[in-house]
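Visitor: Quick one, entry_19.cif (mmCIF, C-alpha atoms):
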```cif
data_work
#
loop_
_atom_site.label_atom_id
_atom_site.label_comp_id
_atom_site.auth_asym_id
_atom_site.auth_seq_id
_atom_site.Cartn_x
_atom_site.Cartn_y
_atom_site.Cartn_z
CA MET A 1 -20.10 -17.91 -40.64
CA ARG A 2 -18.01 -21.07 -40.36
CA ALA A 3 -16.80 -20.20 -36.86
CA ALA A 4 -20.39 -19.72 -35.71
CA ARG A 5 -21.35 -23.05 -37.30
CA LEU A 6 -18.53 -24.86 -35.51
CA ILE A 7 -19.59 -23.39 -32.17
CA LYS A 8 -23.18 -24.44 -32.83
CA MET A 9 -22.02 -27.96 -33.66
CA VAL A 10 -20.20 -28.24 -30.33
CA LEU A 11 -23.25 -26.97 -28.48
CA LEU A 12 -25.50 -29.45 -30.30
CA LEU A 13 -23.21 -32.32 -29.36
CA GLN A 14 -23.07 -31.11 -25.76
CA SER A 15 -26.86 -31.10 -25.52
CA ARG A 16 -27.33 -34.69 -26.80
CA PRO A 17 -25.58 -38.00 -26.23
CA SER A 18 -24.80 -38.33 -29.95
CA MET A 19 -25.99 -37.12 -33.34
CA THR A 20 -25.77 -38.63 -36.80
CA ALA A 21 -24.23 -36.74 -39.71
CA ALA A 22 -27.72 -36.36 -41.21
CA GLU A 23 -29.10 -34.85 -37.99
CA LEU A 24 -26.21 -32.41 -37.74
CA ALA A 25 -26.54 -31.48 -41.41
CA ARG A 26 -30.24 -30.77 -40.92
CA GLU A 27 -29.67 -28.65 -37.80
CA LEU A 28 -26.79 -26.71 -39.34
CA GLU A 29 -28.38 -26.46 -42.80
CA VAL A 30 -25.31 -27.83 -44.57
CA SER A 31 -24.38 -31.06 -46.38
CA GLU A 32 -23.13 -34.20 -44.62
CA ARG A 33 -19.80 -33.71 -46.40
CA THR A 34 -19.52 -30.27 -44.75
CA VAL A 35 -20.35 -31.86 -41.38
CA ALA A 36 -17.46 -34.31 -41.84
CA ARG A 37 -15.06 -31.49 -42.68
CA ASP A 38 -16.23 -29.46 -39.68
CA VAL A 39 -15.77 -32.45 -37.34
CA LEU A 40 -12.22 -32.85 -38.62
CA SER A 41 -11.56 -29.14 -37.99
CA LEU A 42 -12.87 -29.44 -34.43
CA SER A 43 -10.67 -32.45 -33.77
CA GLU A 44 -7.62 -30.60 -35.07
CA ALA A 45 -8.50 -27.71 -32.75
CA GLY A 46 -8.51 -30.02 -29.73
CA VAL A 47 -12.27 -30.55 -29.31
CA PRO A 48 -12.74 -34.25 -28.44
CA VAL A 49 -15.26 -35.25 -31.11
CA TYR A 50 -15.55 -39.01 -31.57
CA ALA A 51 -17.19 -40.79 -34.52
CA ASP A 52 -19.09 -44.04 -33.94
CA ARG A 53 -19.24 -45.96 -37.20
CA GLY A 54 -22.02 -48.22 -38.39
CA ARG A 55 -25.77 -47.91 -38.97
CA ALA A 56 -26.41 -46.66 -35.41
CA GLY A 57 -23.28 -44.55 -35.36
CA GLY A 58 -22.86 -40.83 -35.12
CA TYR A 59 -20.78 -38.12 -33.50
CA ARG A 60 -20.37 -37.46 -29.80
CA LEU A 61 -18.12 -35.61 -27.39
CA ILE A 62 -15.89 -37.60 -25.06
CA GLY A 63 -13.82 -36.89 -22.00
CA GLY A 64 -16.51 -35.00 -20.08
CA TYR A 65 -16.34 -32.06 -22.46
CA ARG A 66 -19.31 -30.20 -20.94
CA THR A 67 -20.28 -27.11 -18.99
CA ARG A 68 -23.16 -27.53 -16.56
CA LEU A 69 -25.55 -25.13 -14.89
CA THR A 70 -25.93 -27.23 -11.75
CA GLY A 71 -27.90 -24.54 -9.93
CA LEU A 72 -30.97 -24.78 -12.16
CA GLY A 73 -33.88 -26.95 -11.11
CA ARG A 74 -36.49 -28.40 -13.48
CA SER A 75 -39.13 -25.73 -12.86
CA GLU A 76 -36.53 -22.98 -13.35
CA ALA A 77 -35.29 -24.54 -16.58
CA GLU A 78 -38.83 -24.89 -17.94
CA ALA A 79 -39.65 -21.30 -17.01
CA LEU A 80 -36.51 -20.16 -18.81
CA PHE A 81 -37.64 -21.80 -22.04
CA LEU A 82 -41.04 -20.13 -21.71
CA SER A 83 -39.49 -16.66 -21.64
CA GLY A 84 -39.28 -16.35 -25.43
CA VAL A 85 -42.20 -15.63 -27.76
CA PRO A 86 -41.12 -17.35 -31.01
CA THR A 87 -43.35 -15.36 -33.38
CA ALA A 88 -42.41 -12.02 -31.85
CA LEU A 89 -38.71 -12.87 -31.86
CA ARG A 90 -38.90 -13.90 -35.50
CA GLU A 91 -40.66 -10.66 -36.47
CA MET A 92 -37.99 -8.58 -34.70
CA GLY A 93 -35.24 -10.50 -36.48
CA LEU A 94 -34.04 -12.17 -33.27
CA ALA A 95 -35.01 -15.78 -33.97
CA ASP A 96 -31.42 -16.90 -34.62
CA ALA A 97 -30.09 -15.20 -31.50
CA ALA A 98 -32.84 -16.70 -29.36
CA SER A 99 -32.25 -20.15 -30.85
CA ALA A 100 -28.53 -19.91 -30.12
CA ALA A 101 -29.19 -18.79 -26.55
CA ARG A 102 -31.60 -21.67 -25.91
CA LEU A 103 -29.11 -24.09 -27.42
CA LYS A 104 -26.34 -22.83 -25.14
CA VAL A 105 -28.55 -23.25 -22.10
CA SER A 106 -29.59 -26.75 -23.22
CA ALA A 107 -25.98 -27.73 -23.70
CA ALA A 108 -25.08 -26.54 -20.21
CA LEU A 109 -27.94 -28.21 -18.37
CA LEU A 110 -27.64 -31.46 -16.51
CA PRO A 111 -28.70 -34.46 -18.65
CA GLU A 112 -31.86 -35.03 -16.64
CA LEU A 113 -33.01 -31.47 -17.36
CA ARG A 114 -32.47 -31.43 -21.11
CA ASP A 115 -36.06 -32.27 -21.89
CA ALA A 116 -37.18 -29.03 -20.20
CA ALA A 117 -37.41 -27.16 -23.51
CA ALA A 118 -39.63 -29.79 -25.13
CA GLY A 119 -41.69 -30.16 -21.97
CA ALA A 120 -42.43 -26.45 -21.77
CA ALA A 121 -43.14 -26.09 -25.51
CA GLN A 122 -45.65 -28.95 -25.45
CA ARG A 123 -47.54 -27.50 -22.48
CA PHE A 124 -47.68 -23.75 -23.15
CA HIS A 125 -47.99 -21.72 -26.33
CA LEU A 126 -48.59 -17.99 -26.75
CA ASP A 127 -50.65 -17.04 -29.81
CA ALA A 128 -50.34 -13.24 -29.84
CA PRO A 129 -52.51 -12.16 -32.81
CA ALA A 130 -56.20 -11.48 -32.24
CA TRP A 131 -58.96 -13.64 -33.68
CA TYR A 132 -60.30 -13.04 -37.19
CA GLN A 133 -57.34 -11.12 -38.50
CA GLU A 134 -54.26 -12.09 -40.45
CA PRO A 135 -51.09 -11.05 -38.59
CA ALA A 136 -48.90 -8.72 -40.64
CA THR A 137 -45.28 -8.06 -39.72
CA PRO A 138 -44.27 -4.40 -40.24
CA ALA A 139 -41.41 -4.30 -42.72
CA LEU A 140 -39.46 -1.81 -40.59
CA LEU A 141 -39.84 -3.71 -37.31
CA PRO A 142 -36.33 -5.29 -37.32
CA ALA A 143 -34.73 -1.86 -37.82
CA VAL A 144 -36.79 -0.42 -34.97
CA ALA A 145 -35.93 -3.40 -32.74
CA ASP A 146 -32.21 -2.91 -33.44
CA ALA A 147 -32.47 0.70 -32.32
CA VAL A 148 -34.35 -0.32 -29.17
CA TRP A 149 -31.73 -2.92 -28.25
CA ASP A 150 -28.86 -0.53 -28.93
CA ASP A 151 -30.31 2.64 -27.34
CA ARG A 152 -29.77 4.51 -30.60
CA ARG A 153 -31.76 7.49 -31.77
CA LEU A 154 -33.64 7.09 -35.03
CA THR A 155 -35.42 9.32 -37.48
CA ALA A 156 -38.84 8.00 -38.40
CA ARG A 157 -41.36 9.04 -41.01
CA TYR A 158 -44.94 7.95 -40.38
CA HIS A 159 -48.51 8.46 -41.47
CA ARG A 160 -50.46 10.88 -39.31
CA LYS A 161 -54.06 11.27 -40.46
CA ASP A 162 -53.89 12.60 -44.02
CA ARG A 163 -50.19 13.45 -44.21
CA GLU A 164 -46.72 12.12 -43.50
CA VAL A 165 -44.48 13.65 -40.83
CA GLU A 166 -40.95 13.06 -39.60
CA ARG A 167 -39.71 12.85 -36.03
CA GLU A 168 -36.46 12.10 -34.22
CA LEU A 169 -37.15 9.46 -31.57
CA GLU A 170 -35.45 7.85 -28.62
CA PRO A 171 -36.87 4.30 -28.86
CA TYR A 172 -37.44 2.88 -25.37
CA GLY A 173 -39.42 -0.30 -25.92
CA LEU A 174 -41.64 -2.40 -28.17
CA VAL A 175 -45.04 -3.81 -27.22
CA LEU A 176 -46.97 -6.50 -29.10
CA LYS A 177 -50.70 -6.05 -28.44
CA ALA A 178 -53.22 -8.35 -30.17
CA GLY A 179 -50.93 -8.81 -33.17
CA VAL A 180 -50.09 -5.09 -33.52
CA TRP A 181 -46.62 -3.72 -32.73
CA TYR A 182 -46.26 -0.42 -30.86
CA LEU A 183 -43.15 1.61 -30.08
CA ALA A 184 -42.83 3.53 -26.81
CA ALA A 185 -40.45 6.39 -27.50
CA ARG A 186 -39.42 9.83 -26.34
CA ALA A 187 -39.74 12.38 -29.12
CA GLY A 188 -37.14 15.04 -29.74
CA GLY A 189 -36.44 17.80 -32.21
CA THR A 190 -39.02 19.56 -34.35
CA PRO A 191 -41.38 17.74 -36.72
CA VAL A 192 -40.75 18.38 -40.39
CA ALA A 193 -44.33 18.63 -41.62
CA ALA A 194 -46.52 19.39 -38.61
CA PRO A 195 -46.56 20.41 -34.95
CA ALA A 196 -45.46 17.71 -32.54
CA PRO A 197 -48.14 14.98 -32.57
CA ALA A 198 -49.31 13.39 -29.36
CA SER A 199 -48.53 10.08 -31.06
CA ALA A 200 -48.94 8.23 -34.30
CA SER A 201 -52.02 6.51 -32.91
CA GLY A 202 -53.27 8.59 -30.01
CA SER A 203 -52.17 10.74 -27.11
CA GLY A 204 -49.11 9.91 -25.04
CA SER A 205 -48.14 10.19 -21.39
CA GLY A 206 -45.65 12.86 -20.34
CA SER A 207 -42.65 13.06 -22.65
CA TYR A 208 -43.13 9.46 -23.81
CA ARG A 209 -45.42 8.62 -26.70
CA VAL A 210 -46.76 5.55 -28.45
CA TYR A 211 -46.38 4.92 -32.18
CA ARG A 212 -47.84 2.12 -34.29
CA VAL A 213 -44.88 0.54 -36.07
CA ASP A 214 -46.95 -0.39 -39.14
CA ARG A 215 -47.50 3.34 -39.77
CA PHE A 216 -43.79 4.01 -40.18
CA THR A 217 -42.81 4.55 -43.81
CA ALA A 218 -39.08 5.04 -43.23
CA VAL A 219 -36.69 4.52 -40.33
CA THR A 220 -33.07 5.67 -40.24
CA ALA A 221 -30.70 5.13 -37.32
CA THR A 222 -28.80 8.34 -36.57
CA GLY A 223 -25.85 6.49 -35.05
CA GLU A 224 -26.16 8.52 -31.85
CA ARG A 225 -26.78 6.78 -28.56
CA PHE A 226 -29.12 8.22 -25.97
CA THR A 227 -29.01 7.81 -22.22
CA ARG A 228 -32.01 5.85 -21.00
CA ASP A 229 -34.09 7.18 -18.16
CA GLU A 230 -33.62 4.36 -15.64
CA THR A 231 -36.93 5.23 -13.97
CA PHE A 232 -38.87 4.37 -17.14
CA ASP A 233 -40.92 1.20 -16.58
CA LEU A 234 -42.24 -0.18 -19.88
CA PRO A 235 -44.95 -2.52 -18.44
CA ALA A 236 -46.25 0.20 -16.10
CA PHE A 237 -46.16 2.82 -18.85
CA TRP A 238 -48.04 0.56 -21.25
CA ALA A 239 -50.69 -0.36 -18.66
CA ALA A 240 -51.34 3.31 -17.93
CA ARG A 241 -51.26 4.21 -21.62
CA ALA A 242 -53.69 1.41 -22.54
CA GLU A 243 -56.15 2.46 -19.83
CA GLN A 244 -55.87 6.10 -20.87
CA PHE A 245 -56.48 5.18 -24.51
CA ALA A 246 -59.50 3.01 -23.66
CA ARG A 247 -61.04 5.79 -21.55
CA SER A 248 -60.40 8.41 -24.24
CA LEU A 249 -62.66 6.45 -26.60
CA LEU A 250 -65.62 6.48 -24.21
CA ARG A 251 -67.27 9.80 -25.10
CA ALA A 252 -70.96 8.92 -24.69
CA GLU A 253 -73.20 7.48 -21.98
CA VAL A 254 -76.04 4.96 -21.94
CA VAL A 255 -78.45 4.34 -19.07
CA LEU A 256 -79.36 0.66 -18.65
CA ARG A 257 -81.63 -1.39 -16.44
CA LEU A 258 -80.03 -4.82 -15.90
CA SER A 259 -81.19 -8.10 -14.47
CA ALA A 260 -78.84 -9.99 -12.16
CA ARG A 261 -77.71 -12.03 -15.15
CA GLY A 262 -77.29 -8.86 -17.21
CA VAL A 263 -75.01 -7.43 -14.51
CA ARG A 264 -72.82 -10.53 -14.80
CA GLN A 265 -72.80 -10.38 -18.62
CA LEU A 266 -72.09 -6.66 -19.03
CA PRO A 267 -68.27 -6.86 -18.65
CA TYR A 268 -68.18 -9.45 -21.45
CA VAL A 269 -70.05 -7.39 -24.05
CA THR A 270 -68.56 -3.93 -23.53
CA GLU A 271 -65.36 -2.30 -22.22
CA ARG A 272 -64.60 -4.16 -19.03
CA ALA A 273 -63.31 -1.28 -16.89
CA ALA A 274 -66.26 0.91 -17.88
CA ALA A 275 -68.71 -1.88 -17.04
CA ARG A 276 -67.11 -2.46 -13.66
CA GLU A 277 -67.16 1.25 -12.85
CA ALA A 278 -70.83 1.56 -13.89
CA ILE A 279 -71.87 -1.35 -11.68
CA GLU A 280 -69.87 -0.10 -8.69
CA GLN A 281 -71.43 3.38 -8.91
CA ALA A 282 -75.01 2.13 -9.30
CA GLY A 283 -77.57 2.42 -6.54
CA PRO A 284 -79.47 -0.49 -4.99
CA PRO A 285 -81.61 -2.80 -7.19
CA ASP A 286 -85.29 -1.95 -7.70
CA GLU A 287 -88.21 -4.06 -6.44
CA HIS A 288 -87.74 -6.43 -9.41
CA GLY A 289 -84.07 -6.96 -8.60
CA ARG A 290 -82.90 -4.91 -11.60
CA LEU A 291 -79.98 -2.51 -11.38
CA THR A 292 -79.92 0.85 -13.15
CA VAL A 293 -76.44 1.83 -14.34
CA THR A 294 -74.89 4.65 -16.36
CA LEU A 295 -72.38 3.13 -18.78
CA ALA A 296 -69.64 5.03 -20.64
CA VAL A 297 -69.53 3.95 -24.30
CA GLU A 298 -67.64 4.91 -27.42
CA SER A 299 -70.74 5.89 -29.40
CA ALA A 300 -74.45 5.08 -29.71
CA ASP A 301 -73.78 2.90 -32.77
CA ILE A 302 -71.13 0.83 -31.01
CA ALA A 303 -73.28 0.59 -27.87
CA TYR A 304 -76.14 -0.71 -30.02
CA SER A 305 -74.01 -3.51 -31.51
CA GLN A 306 -72.52 -4.43 -28.14
CA LEU A 307 -75.60 -4.29 -25.91
CA LEU A 308 -77.76 -6.31 -28.29
CA ALA A 309 -75.89 -9.32 -26.89
CA LEU A 310 -77.62 -8.81 -23.54
CA GLY A 311 -81.03 -9.60 -25.04
CA PRO A 312 -83.83 -9.38 -22.46
CA GLU A 313 -81.28 -9.10 -19.61
CA GLY A 314 -80.66 -5.43 -20.41
CA GLU A 315 -83.10 -2.57 -21.10
CA VAL A 316 -81.86 0.72 -22.56
CA LEU A 317 -83.49 3.68 -20.81
CA ALA A 318 -81.54 6.55 -22.41
CA PRO A 319 -80.76 8.18 -24.72
CA PRO A 320 -84.26 8.04 -26.28
CA ALA A 321 -83.03 7.51 -29.85
CA LEU A 322 -81.01 4.47 -28.81
CA ARG A 323 -83.94 3.10 -26.78
CA GLU A 324 -86.14 3.35 -29.89
CA ARG A 325 -83.53 1.44 -31.93
CA PHE A 326 -83.60 -1.37 -29.38
CA ALA A 327 -87.41 -1.34 -29.33
CA ALA A 328 -87.50 -1.62 -33.12
CA ALA A 329 -84.99 -4.46 -33.01
CA ALA A 330 -87.08 -6.24 -30.36
CA ARG A 331 -90.26 -5.88 -32.46
CA GLY A 332 -88.44 -7.17 -35.54
CA THR A 333 -87.04 -10.15 -33.65
CA ALA A 334 -90.46 -10.94 -32.13
CA ALA A 335 -92.00 -10.86 -35.62
CA LEU A 336 -89.49 -13.42 -36.85
CA TYR A 337 -90.42 -15.82 -34.08
CA ASP A 338 -94.17 -15.07 -33.98
#
```
Could you write out this structure as structure tokens?
Guide:
Amino acid sequence: MRAARLIKMVLLLQSRPSMTAAELARELEVSERTVARDVLSLSEAGVPVYADRGRAGGYRLIGGYRTRLTGLGRSEAEALFLSGVPTALREMGLADAASAARLKVSAALLPELRDAAAGAAQRFHLDAPAWYQEPATPALLPAVADAVWDDRRLTARYHRKDREVERELEPYGLVLKAGVWYLAARAGGTPVAAPAPASASGSGSGSYRVYRVDRFTAVTATGERFTRDETFDLPAFWAARAEQFARSLLRAEVVLRLSARGVRQLPYVTERAAAREAIEQAGPPDEHGRLTVTLAVESADIAYSQLLALGPEGEVLAPPALRERFAAAARGTAALYD
């Protein structure tokens, strides 16, 4: 621990012209007395730390004791500091490692580029969780992340419908989607309590499957490494998997007559790919300029709640039961405003 703290102190002093004992103590989470002892240890080890006394004094490095990444430009440095997602890194247990890495880069940058981290952080921020829900970090996420980083097999127990099953997995990658963590993994062995599931949250693609990390109840690293398939592309796999999952939910159809404005609004009130496909496959508009489309939906109930947002810009033609629900809603709304 002390060795790591001494290295961090040197990196802090490299990244700034000087720092007071109080600033160093705050950054290192130690007392000012410990800072003084650490500075003395660095000096004895040959690191040229110099103390400026007085009210404006502090510690600084002398003698050009720096390493510089002279090949980085400002835009490259700012992009580098954007590459981390602080919340996600913290949830995976990697916040300290990411902080140390950023500090090393800051210390090595040219002086005129050292504000790149602050500049990027004040201009761009990624808020991963979805609206109207409290983000919850799965308790087993750090253990899963360790296995992903290390290419180590793990044995996972997870909830599948009304029972718990166990599977040996080769963890390939983690995905954070709207505040929910998913594991892309290749399953191996035989399940303990049930036939091999397509996934813990839906069907997979090929030999790779997707598991919701918050459904894991136990994770144990086997200690065995696996050889990664170098052709596996996590972003491409996830994009295909997400589209497949979205399409698998669309098991019903609704026929709509849309105004020009309704055509523009449809992708914003229902599944976007399904709306785009329905519009592209529609015939020409009728004499009133309205377009008749056949839209894939998850269910009549969900279609009802979604398509109400279209108001008079969309008319449900089929199925008849859904059309009657919209007619009743229209009569009720008209009565309120009569």
Visitor: Residues near stretch 43-54 of chain A, anyone? I mean within 12 Å using all atoms listed in the file, not counting same-chain ones fewer than 6 positions away, as an MDAnalysis selection string.
Guide: chainID A and resid 3 6:7 9:14 17:21 35:37 60:66
Visitor: Where does the PyMOL selection byres ((chain A and resi 305-313) around 6) land in this file, that is, which residues does it pick, as a VMD selection string?
Guide: chain A and resid 258 to 259 262 269 302 to 304 314
Visitor: Would you list the residues near (-40.7, 4.9, -36.5), meaning any protein, DNA or RNA residue with an atom at most 9 Å from that point in file coordinates, counting all atoms listed in the file, as a list in words?
Guide: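 Within the cut-off we find Leu140, Leu141, Val144, Leu154, Thr155, Ala156, Arg157, Tyr158, Glu166, Arg167, Glu168, Leu169, Pro171, Leu183, Tyr211, Arg212, Val213, Asp214, Arg215, Phe216, Thr217, Ala218, Val219 and Thr220 of chain A.
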Visitor: Taking the file above as input, evaluate the PyMOL selection byres ((chain A and resi 273-280) around 10) and report the hits as a list of chain:residue names.
Guide: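 Applied to this file, the PyMOL selection byres ((chain A and resi 273-280) around 10) returns A:Glu243, A:Ala246, A:Arg247, A:Leu250, A:Val255, A:Leu256, A:Leu258, A:Val263, A:Arg264, A:Gln265, A:Leu266, A:Pro267, A:Tyr268, A:Val269, A:Thr270, A:Glu271, A:Arg272, A:Gln281, A:Ala282, A:Gly283, A:Leu291, A:Thr292, A:Val293, A:Thr294, A:Leu295, A:Ala296, A:Val297.
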Visitor: So the first atom is atom CA of A:Thr333 and the second is atom CA of A:Ala252; what is the distance between them in Å, to one decimal place?
Guide: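 Straight-line distance from atom CA of A:Thr333 to atom CA of A:Ala252 works out to 26.5 Å.
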Visitor: Rounded to one decimal, what separation in Å do you get between atom CA of A:Ser299 and atom CA of A:Arg331?
Guide: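 That distance, rounded to one decimal, is 23.0 Å.
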Visitor: Can you tell me how far atom CA of A:Arg5 sits from atom CA of A:Ala145, in Å to one decimal?
Guide: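 Atom-to-atom, atom CA of A:Arg5 to atom CA of A:Ala145, that is 24.9 Å.
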Visitor: Run the PyMOL selection byres ((chain A and resi 151) around 7) against the file shown and list the residues it catches, as a ChimeraX atom specification.
Guide: /A:147-150,152-153,171,225-226
